[in-house]
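Heads up, model.pdb below (PDB, C-alpha atoms):
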ATOM      1  CA  MET A  15      -3.087  20.925 -17.462  1.00  0.00           C
ATOM      2  CA  LEU A  16      -4.002  23.378 -14.685  1.00  0.00           C
ATOM      3  CA  ASP A  17      -5.138  26.840 -15.635  1.00  0.00           C
ATOM      4  CA  GLU A  18      -5.112  29.836 -13.283  1.00  0.00           C
ATOM      5  CA  ILE A  19      -8.709  29.243 -12.141  1.00  0.00           C
ATOM      6  CA  ASP A  20      -7.947  25.599 -11.285  1.00  0.00           C
ATOM      7  CA  LYS A  21      -4.916  26.716  -9.269  1.00  0.00           C
ATOM      8  CA  LYS A  22      -6.977  29.307  -7.388  1.00  0.00           C
ATOM      9  CA  LEU A  23      -9.682  26.706  -6.641  1.00  0.00           C
ATOM     10  CA  ILE A  24      -7.137  24.243  -5.288  1.00  0.00           C
ATOM     11  CA  GLU A  25      -5.498  26.974  -3.214  1.00  0.00           C
ATOM     12  CA  MET A  26      -8.872  27.985  -1.727  1.00  0.00           C
ATOM     13  CA  LEU A  27      -9.715  24.395  -0.817  1.00  0.00           C
ATOM     14  CA  THR A  28      -6.241  23.840   0.615  1.00  0.00           C
ATOM     15  CA  THR A  29      -6.714  26.690   3.064  1.00  0.00           C
ATOM     16  CA  ASN A  30     -10.359  25.832   3.808  1.00  0.00           C
ATOM     17  CA  GLY A  31     -11.828  22.611   2.448  1.00  0.00           C
ATOM     18  CA  ARG A  32     -15.309  23.597   3.638  1.00  0.00           C
ATOM     19  CA  ARG A  33     -15.673  26.629   1.359  1.00  0.00           C
ATOM     20  CA  SER A  34     -18.965  26.635  -0.472  1.00  0.00           C
ATOM     21  CA  LEU A  35     -19.155  26.476  -4.250  1.00  0.00           C
ATOM     22  CA  SER A  36     -20.996  29.813  -4.195  1.00  0.00           C
ATOM     23  CA  GLU A  37     -18.248  31.501  -2.138  1.00  0.00           C
ATOM     24  CA  MET A  38     -15.532  30.246  -4.481  1.00  0.00           C
ATOM     25  CA  GLY A  39     -17.608  31.237  -7.496  1.00  0.00           C
ATOM     26  CA  LYS A  40     -18.042  34.787  -6.206  1.00  0.00           C
ATOM     27  CA  LYS A  41     -14.299  35.178  -5.637  1.00  0.00           C
ATOM     28  CA  LEU A  42     -13.549  33.886  -9.132  1.00  0.00           C
ATOM     29  CA  GLY A  43     -16.454  35.496 -10.976  1.00  0.00           C
ATOM     30  CA  LEU A  44     -18.035  32.142 -11.896  1.00  0.00           C
ATOM     31  CA  SER A  45     -21.307  30.401 -11.056  1.00  0.00           C
ATOM     32  CA  HIS A  46     -21.390  27.661  -8.437  1.00  0.00           C
ATOM     33  CA  VAL A  47     -22.310  25.255 -11.268  1.00  0.00           C
ATOM     34  CA  ALA A  48     -19.122  26.183 -13.168  1.00  0.00           C
ATOM     35  CA  ILE A  49     -17.070  25.702  -9.988  1.00  0.00           C
ATOM     36  CA  LYS A  50     -18.631  22.265  -9.384  1.00  0.00           C
ATOM     37  CA  LYS A  51     -17.867  21.213 -12.973  1.00  0.00           C
ATOM     38  CA  ARG A  52     -14.242  22.291 -12.601  1.00  0.00           C
ATOM     39  CA  LEU A  53     -13.843  20.458  -9.279  1.00  0.00           C
ATOM     40  CA  ASP A  54     -15.507  17.334 -10.677  1.00  0.00           C
ATOM     41  CA  LYS A  55     -13.145  17.435 -13.664  1.00  0.00           C
ATOM     42  CA  LEU A  56     -10.072  17.822 -11.414  1.00  0.00           C
ATOM     43  CA  CYS A  57     -11.216  14.891  -9.277  1.00  0.00           C
ATOM     44  CA  THR A  58     -12.204  12.689 -12.235  1.00  0.00           C
ATOM     45  CA  LYS A  59      -8.789  13.211 -13.831  1.00  0.00           C
ATOM     46  CA  ASN A  60      -7.105  12.314 -10.496  1.00  0.00           C
ATOM     47  CA  ILE A  61      -5.446  15.709 -10.337  1.00  0.00           C
ATOM     48  CA  MET A  62      -6.872  16.344  -6.888  1.00  0.00           C
ATOM     49  CA  LYS A  63      -8.926  14.636  -4.222  1.00  0.00           C
ATOM     50  CA  ILE A  64     -10.979  16.303  -1.556  1.00  0.00           C
ATOM     51  CA  VAL A  65     -10.114  14.658   1.766  1.00  0.00           C
ATOM     52  CA  SER A  66     -10.288  15.328   5.460  1.00  0.00           C
ATOM     53  CA  ALA A  67      -7.089  16.035   7.329  1.00  0.00           C
ATOM     54  CA  ILE A  68      -6.348  15.683  11.032  1.00  0.00           C
ATOM     55  CA  ASN A  69      -4.466  18.129  13.240  1.00  0.00           C
ATOM     56  CA  PHE A  70      -1.570  15.866  14.147  1.00  0.00           C
ATOM     57  CA  SER A  71      -0.358  17.810  17.178  1.00  0.00           C
ATOM     58  CA  ARG A  72      -3.849  18.467  18.557  1.00  0.00           C
ATOM     59  CA  LEU A  73      -4.364  14.706  18.938  1.00  0.00           C
ATOM     60  CA  LYS A  74      -0.853  14.424  20.413  1.00  0.00           C
ATOM     61  CA  LEU A  75       0.141  11.807  17.868  1.00  0.00           C
ATOM     62  CA  LYS A  76       3.723  10.660  17.416  1.00  0.00           C
ATOM     63  CA  ALA A  77       5.341   9.993  14.066  1.00  0.00           C
ATOM     64  CA  VAL A  78       8.279   8.023  12.784  1.00  0.00           C
ATOM     65  CA  MET A  79      10.060   8.173   9.448  1.00  0.00           C
ATOM     66  CA  ILE A  80      11.545   4.949   8.184  1.00  0.00           C
ATOM     67  CA  LEU A  81      14.094   4.947   5.381  1.00  0.00           C
ATOM     68  CA  ALA A  82      14.599   1.570   3.750  1.00  0.00           C
ATOM     69  CA  GLU A  83      16.915   0.106   1.178  1.00  0.00           C
ATOM     70  CA  VAL A  84      14.814  -2.412  -0.707  1.00  0.00           C
ATOM     71  CA  ARG A  85      16.401  -4.958  -3.018  1.00  0.00           C
ATOM     72  CA  THR A  86      14.079  -4.840  -6.056  1.00  0.00           C
ATOM     73  CA  SER A  87      11.109  -2.904  -7.408  1.00  0.00           C
ATOM     74  CA  GLY A  88       9.155  -6.160  -7.093  1.00  0.00           C
ATOM     75  CA  ASP A  89       9.841  -6.153  -3.348  1.00  0.00           C
ATOM     76  CA  ILE A  90       8.706  -2.514  -3.175  1.00  0.00           C
ATOM     77  CA  ASP A  91       5.475  -3.470  -4.975  1.00  0.00           C
ATOM     78  CA  LYS A  92       4.809  -6.257  -2.443  1.00  0.00           C
ATOM     79  CA  ILE A  93       5.400  -3.871   0.479  1.00  0.00           C
ATOM     80  CA  LEU A  94       3.149  -1.245  -1.107  1.00  0.00           C
ATOM     81  CA  LYS A  95       0.368  -3.780  -1.579  1.00  0.00           C
ATOM     82  CA  LYS A  96       0.670  -5.107   1.973  1.00  0.00           C
ATOM     83  CA  TYR A  97       0.719  -1.694   3.696  1.00  0.00           C
ATOM     84  CA  SER A  98      -1.579   0.314   1.395  1.00  0.00           C
ATOM     85  CA  SER A  99      -4.524  -0.122   3.807  1.00  0.00           C
ATOM     86  CA  CYS A 100      -2.539   0.404   6.995  1.00  0.00           C
ATOM     87  CA  PRO A 101      -4.254   3.155   9.016  1.00  0.00           C
ATOM     88  CA  ARG A 102      -0.933   4.105  10.592  1.00  0.00           C
ATOM     89  CA  MET A 103       0.735   4.784   7.229  1.00  0.00           C
ATOM     90  CA  VAL A 104       0.723   8.497   6.416  1.00  0.00           C
ATOM     91  CA  LEU A 105       3.181   8.364   3.517  1.00  0.00           C
ATOM     92  CA  LEU A 106       4.873   5.596   1.568  1.00  0.00           C
ATOM     93  CA  SER A 107       7.128   6.795  -1.214  1.00  0.00           C
ATOM     94  CA  THR A 108       9.932   5.611  -3.416  1.00  0.00           C
ATOM     95  CA  ALA A 109      13.112   7.677  -3.344  1.00  0.00           C
ATOM     96  CA  MET A 110      16.457   8.025  -5.081  1.00  0.00           C
ATOM     97  CA  GLY A 111      19.718   7.451  -3.288  1.00  0.00           C
ATOM     98  CA  ARG A 112      20.905   4.947  -0.735  1.00  0.00           C
ATOM     99  CA  PHE A 113      17.368   4.465   0.596  1.00  0.00           C
ATOM    100  CA  ASN A 114      14.757   3.805  -2.056  1.00  0.00           C
ATOM    101  CA  LEU A 115      11.646   3.644   0.137  1.00  0.00           C
ATOM    102  CA  ILE A 116      10.419   6.191   2.691  1.00  0.00           C
ATOM    103  CA  ALA A 117       7.545   5.693   5.106  1.00  0.00           C
ATOM    104  CA  ILE A 118       5.977   7.982   7.680  1.00  0.00           C
ATOM    105  CA  MET A 119       3.781   6.221  10.224  1.00  0.00           C
ATOM    106  CA  VAL A 120       1.810   7.474  13.232  1.00  0.00           C
ATOM    107  CA  GLY A 121       1.197   6.152  16.716  1.00  0.00           C
ATOM    108  CA  GLU A 122      -0.481   7.431  19.838  1.00  0.00           C
ATOM    109  CA  ASN A 123       2.472   7.070  22.200  1.00  0.00           C
ATOM    110  CA  ASP A 124       6.128   6.034  22.335  1.00  0.00           C
ATOM    111  CA  SER A 125       5.281   2.438  23.190  1.00  0.00           C
ATOM    112  CA  THR A 126       3.029   2.077  20.148  1.00  0.00           C
ATOM    113  CA  ILE A 127       5.728   3.651  17.953  1.00  0.00           C
ATOM    114  CA  GLU A 128       8.126   1.034  19.324  1.00  0.00           C
ATOM    115  CA  SER A 129       5.642  -1.687  18.337  1.00  0.00           C
ATOM    116  CA  ILE A 130       5.379  -0.213  14.847  1.00  0.00           C
ATOM    117  CA  LEU A 131       9.160  -0.375  14.561  1.00  0.00           C
ATOM    118  CA  THR A 132       9.702  -3.829  16.031  1.00  0.00           C
ATOM    119  CA  VAL A 133       6.626  -5.992  15.491  1.00  0.00           C
ATOM    120  CA  CYS A 134       4.384  -4.739  12.689  1.00  0.00           C
ATOM    121  CA  SER A 135       6.898  -2.799  10.619  1.00  0.00           C
ATOM    122  CA  PHE A 136       7.778  -3.448   7.046  1.00  0.00           C
ATOM    123  CA  ARG A 137      11.398  -3.093   8.210  1.00  0.00           C
ATOM    124  CA  ARG A 138      11.194  -6.872   8.638  1.00  0.00           C
ATOM    125  CA  GLU A 139       9.737  -7.528   5.187  1.00  0.00           C
ATOM    126  CA  LYS A 140      11.503  -9.686   2.626  1.00  0.00           C
ATOM    127  CA  GLY A 141      13.698  -7.635   0.329  1.00  0.00           C
ATOM    128  CA  ILE A 142      14.626  -4.942   2.845  1.00  0.00           C
ATOM    129  CA  MET A 143      18.383  -4.949   3.228  1.00  0.00           C
ATOM    130  CA  LYS A 144      18.885  -1.920   5.488  1.00  0.00           C
ATOM    131  CA  SER A 145      16.714   0.600   7.256  1.00  0.00           C
ATOM    132  CA  GLU A 146      17.124   3.734   9.288  1.00  0.00           C
ATOM    133  CA  VAL A 147      14.606   5.204  11.737  1.00  0.00           C
ATOM    134  CA  HIS A 148      13.995   8.840  12.593  1.00  0.00           C
ATOM    135  CA  LEU A 149      11.533   9.831  15.294  1.00  0.00           C
ATOM    136  CA  ILE A 150       9.680  12.987  14.309  1.00  0.00           C
ATOM    137  CA  ASN A 151       9.396  15.610  17.058  1.00  0.00           C
ATOM    138  CA  SER A 152       6.619  17.627  15.466  1.00  0.00           C
ATOM    139  CA  ILE A 153       5.150  18.113  12.039  1.00  0.00           C
ATOM    140  CA  LEU A 154       5.245  21.838  11.321  1.00  0.00           C
ATOM    141  CA  ILE A 155       3.933  22.001   7.756  1.00  0.00           C
ATOM    142  CA  PRO A 156       1.320  20.952   6.938  1.00  0.00           C
ATOM    143  CA  ARG A 157      -0.428  21.229  10.273  1.00  0.00           C
ATOM    144  CA  PHE A 158      -3.269  19.003   9.069  1.00  0.00           C
ATOM    145  CA  ILE A 159      -2.435  15.558   7.683  1.00  0.00           C
ATOM    146  CA  PRO A 160      -4.670  13.008   5.969  1.00  0.00           C
ATOM    147  CA  ILE A 161      -4.666  10.160   8.476  1.00  0.00           C
ATOM    148  CA  LYS A 162      -6.805   7.095   7.786  1.00  0.00           C
ATOM    149  CA  ILE A 163      -9.564   6.893  10.363  1.00  0.00           C
ATOM    150  CA  VAL A 164     -11.368   3.546  10.393  1.00  0.00           C
ATOM    151  CA  ALA A 165     -14.861   3.969  11.849  1.00  0.00           C
ATOM    152  CA  GLU A 166     -15.977   0.334  11.545  1.00  0.00           C
ATOM    153  CA  LYS A 167     -13.481  -1.871  13.328  1.00  0.00           C
ATOM    154  CA  ARG A 168     -13.391  -5.461  12.077  1.00  0.00           C
ATOM    155  CA  GLY A 169     -11.928  -8.566  13.647  1.00  0.00           C
ATOM    156  CA  THR A 170      -8.506  -8.850  15.197  1.00  0.00           C
ATOM    157  CA  ILE A 171      -6.443  -9.126  12.001  1.00  0.00           C
ATOM    158  CA  ALA A 172      -4.868  -5.852  10.860  1.00  0.00           C
ATOM    159  CA  PRO A 173      -4.804  -4.992   7.123  1.00  0.00           C
ATOM    160  CA  CYS A 174      -1.109  -5.997   7.066  1.00  0.00           C
ATOM    161  CA  GLY A 175      -2.030  -9.492   8.303  1.00  0.00           C
ATOM    162  CA  MET A 176      -0.938  -9.185  11.944  1.00  0.00           C
ATOM    163  CA  ASP A 177      -3.270 -10.649  14.587  1.00  0.00           C
ATOM    164  CA  CYS A 178      -3.324  -7.880  17.174  1.00  0.00           C
ATOM    165  CA  SER A 179      -5.224  -9.917  19.789  1.00  0.00           C
ATOM    166  CA  ASN A 180      -2.374 -12.439  20.003  1.00  0.00           C
ATOM    167  CA  CYS A 181       0.465  -9.927  19.843  1.00  0.00           C
ATOM    168  CA  LYS A 182       2.727 -10.093  22.903  1.00  0.00           C
ATOM    169  CA  ARG A 183       3.105  -6.286  23.078  1.00  0.00           C
ATOM    170  CA  TYR A 184      -0.672  -5.808  22.864  1.00  0.00           C
ATOM    171  CA  LEU A 185      -1.291  -8.376  25.599  1.00  0.00           C
ATOM    172  CA  GLN A 186       1.285  -6.625  27.816  1.00  0.00           C
ATOM    173  CA  GLY A 187      -0.431  -3.253  27.263  1.00  0.00           C
ATOM    174  CA  LEU A 188       2.532  -1.907  25.298  1.00  0.00           C
ATOM    175  CA  CYS A 189       0.613  -1.438  22.047  1.00  0.00           C
ATOM    176  CA  LEU A 190      -2.883  -0.138  21.398  1.00  0.00           C
ATOM    177  CA  ALA A 191      -3.339  -2.490  18.392  1.00  0.00           C
ATOM    178  CA  CYS A 192      -4.161  -1.547  14.828  1.00  0.00           C
ATOM    179  CA  PRO A 193      -6.848   1.159  14.539  1.00  0.00           C
ATOM    180  CA  ALA A 194      -8.663  -1.032  11.983  1.00  0.00           C
ATOM    181  CA  THR A 195      -9.277  -3.852  14.471  1.00  0.00           C
ATOM    182  CA  GLU A 196     -12.013  -4.298  17.070  1.00  0.00           C
ATOM    183  CA  VAL A 197      -9.397  -4.809  19.802  1.00  0.00           C
ATOM    184  CA  TYR A 198      -7.932  -1.332  19.255  1.00  0.00           C
ATOM    185  CA  ARG A 199      -7.724   0.760  22.453  1.00  0.00           C
ATOM    186  CA  GLY A 200      -6.681   4.166  21.105  1.00  0.00           C
ATOM    187  CA  ILE A 201      -8.216   7.431  19.923  1.00  0.00           C
ATOM    188  CA  LEU A 202      -8.054   6.942  16.148  1.00  0.00           C
TER
END
Take the structure in the file and write it out as structure tokens.
Amino acid sequence: MLDEIDKKLIEMLTTNGRRSLSEMGKKLGLSHVAIKKRLDKLCTKNIMKIVSAINFSRLKLKAVMILAEVRTSGDIDKILKKYSSCPRMVLLSTAMGRFNLIAIMVGENDSTIESILTVCSFRREKGIMKSEVHLINSILIPRFIPIKIVAEKRGTIAPCGMDCSNCKRYLQGLCLACPATEVYRGIL
């Protein structure tokens, strides 16, 4: 599926996503047109996606890992659908073992992380039988993480359905709100 040239292209973009097609072509002995065709093919086949990534520690973001035991795959599908547009969700993955769903979410401060865990967390979703929370001290590898940045804020309803403007923690200044809403007061 991936030949050696594809692997080298992906490696080059992983270390520097701003490399020019010409630069990569020179290193691989190919034209920039051939490089573009290969990258287009990799993207079209959903083998790779070129995305921006944020330096997590530089923005002083906090992270939390939530392990959940979810009753059925149907419940997992509902959770995935509900939280797929959440700008705080960095990773949502199924797993094998006692916990069958893993999430990593970001917040700007401890108080917002607490809101993520108590108010707008899927830990309270139907089908979740048990959950365990782990606060992440620092993300060491990778240093840059694809975090959803929402430039155009809309309304007060977060993608998960929460109304941030009426949230008790938001009104008390304990939460910055969802980064997708116009009432958001954070840096994302």
For region 15-125 of chain A versus region 174-194 of chain A, which residues have an atom no more than 9 Å away, and what is each residue's nearest atom pair and distance in Å rounded to one decimal, using only C-alpha atoms, chain-then-number order, as CSV?
residue,atom,partner,partner_atom,distance
A:Lys96,CA,A:Cys174,CA,5.5
A:Tyr97,CA,A:Cys174,CA,5.8
A:Ser98,CA,A:Cys174,CA,8.5
A:Ser99,CA,A:Cys174,CA,7.5
A:Cys100,CA,A:Cys174,CA,6.6
A:Pro101,CA,A:Pro193,CA,6.4
A:Arg102,CA,A:Pro193,CA,7.7
A:Gly121,CA,A:Leu190,CA,8.8
A:Glu122,CA,A:Leu190,CA,8.1
A:Asn123,CA,A:Cys189,CA,8.7
A:Ser125,CA,A:Leu188,CA,5.6
Which residues, written as a PDB file with C-alpha atoms, in the frame of the given file, have at least one atom at most 6 Å from region 137-148 of chain A, with only C-alpha atoms counted and residues fewer than 5 positions away on the same chain left out?
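Okay, this is what ended up in out-v2.pdb:
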ATOM      1  CA  VAL A  78       8.279   8.023  12.784  1.00  0.00           C
ATOM      2  CA  MET A  79      10.060   8.173   9.448  1.00  0.00           C
ATOM      3  CA  ILE A  80      11.545   4.949   8.184  1.00  0.00           C
ATOM      4  CA  LEU A  81      14.094   4.947   5.381  1.00  0.00           C
ATOM      5  CA  ALA A  82      14.599   1.570   3.750  1.00  0.00           C
ATOM      6  CA  GLU A  83      16.915   0.106   1.178  1.00  0.00           C
ATOM      7  CA  VAL A  84      14.814  -2.412  -0.707  1.00  0.00           C
ATOM      8  CA  ARG A  85      16.401  -4.958  -3.018  1.00  0.00           C
ATOM      9  CA  ASP A  89       9.841  -6.153  -3.348  1.00  0.00           C
TER      10      ASP A  89
END
Lys50 (chain A) surroundings by all atoms listed in the file, 12 Å radius, close-in-sequence under 4 positions cut, as number ranges by chain: A: 20, 23, 33-39, 44-46, 54-58
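One distance worth recording is that between CA of Leu105 (chain A) and CA of Asp17 (chain A), which is 27.9 Å.
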Gap from CA of Met103 (chain A) to CA of Gly31 (chain A) - Å, one decimal: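 About the pair CA of Met103 (chain A) and CA of Gly31 (chain A): they are 22.3 Å apart.
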Output of the PyMOL selection byres ((chain A and resi 68) around 12), listed as a PyMOL selection string: chain A and resi 65-67+69-75+104+120+153+156-163+202
Since we have the selection now, will you write its residues out, keeping C-alpha atoms, as a compact mmCIF listing (two decimals), in the frame of the given file?
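Below you can see again_9.txt, which holds the result:
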# COMPACT_ATOMS: atom_id res chain seq x y z
CA VAL A 65 -10.11 14.66 1.77
CA SER A 66 -10.29 15.33 5.46
CA ALA A 67 -7.09 16.04 7.33
CA ASN A 69 -4.47 18.13 13.24
CA PHE A 70 -1.57 15.87 14.15
CA SER A 71 -0.36 17.81 17.18
CA ARG A 72 -3.85 18.47 18.56
CA LEU A 73 -4.36 14.71 18.94
CA LYS A 74 -0.85 14.42 20.41
CA LEU A 75 0.14 11.81 17.87
CA VAL A 104 0.72 8.50 6.42
CA VAL A 120 1.81 7.47 13.23
CA ILE A 153 5.15 18.11 12.04
CA PRO A 156 1.32 20.95 6.94
CA ARG A 157 -0.43 21.23 10.27
CA PHE A 158 -3.27 19.00 9.07
CA ILE A 159 -2.44 15.56 7.68
CA PRO A 160 -4.67 13.01 5.97
CA ILE A 161 -4.67 10.16 8.48
CA LYS A 162 -6.80 7.10 7.79
CA ILE A 163 -9.56 6.89 10.36
CA LEU A 202 -8.05 6.94 16.15
Nearest to Ile130 (chain A) by atom-to-atom distance, counting only C-alpha atoms, from A:Ile24, A:Lys167, A:Leu115, A:Lys76: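 Among the listed residues, the smallest separation from Ile130 (chain A) belongs to A:Lys76.
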Option closest in space to Phe113 (chain A), from A:Thr86, A:Leu53, A:Ile127, A:Glu25 [counting all atoms listed in the file]: A:Thr86
Point-to-point distance in Å for CA of Glu18 (chain A) and CA of Met62 (chain A):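 Value for the CA of Met62 (chain A)-CA of Glu18 (chain A) distance: 15.0 Å.
Considering all atoms listed in the file, the residue among A:Ile19, A:Lys51, A:Phe136, A:Gly169 positioned nearest to Lys95 (chain A) is A:Phe136.
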Output of the PyMOL selection byres ((chain A and resi 106) around 6), listed as a VMD selection string: chain A and resid 105 107 116 to 117
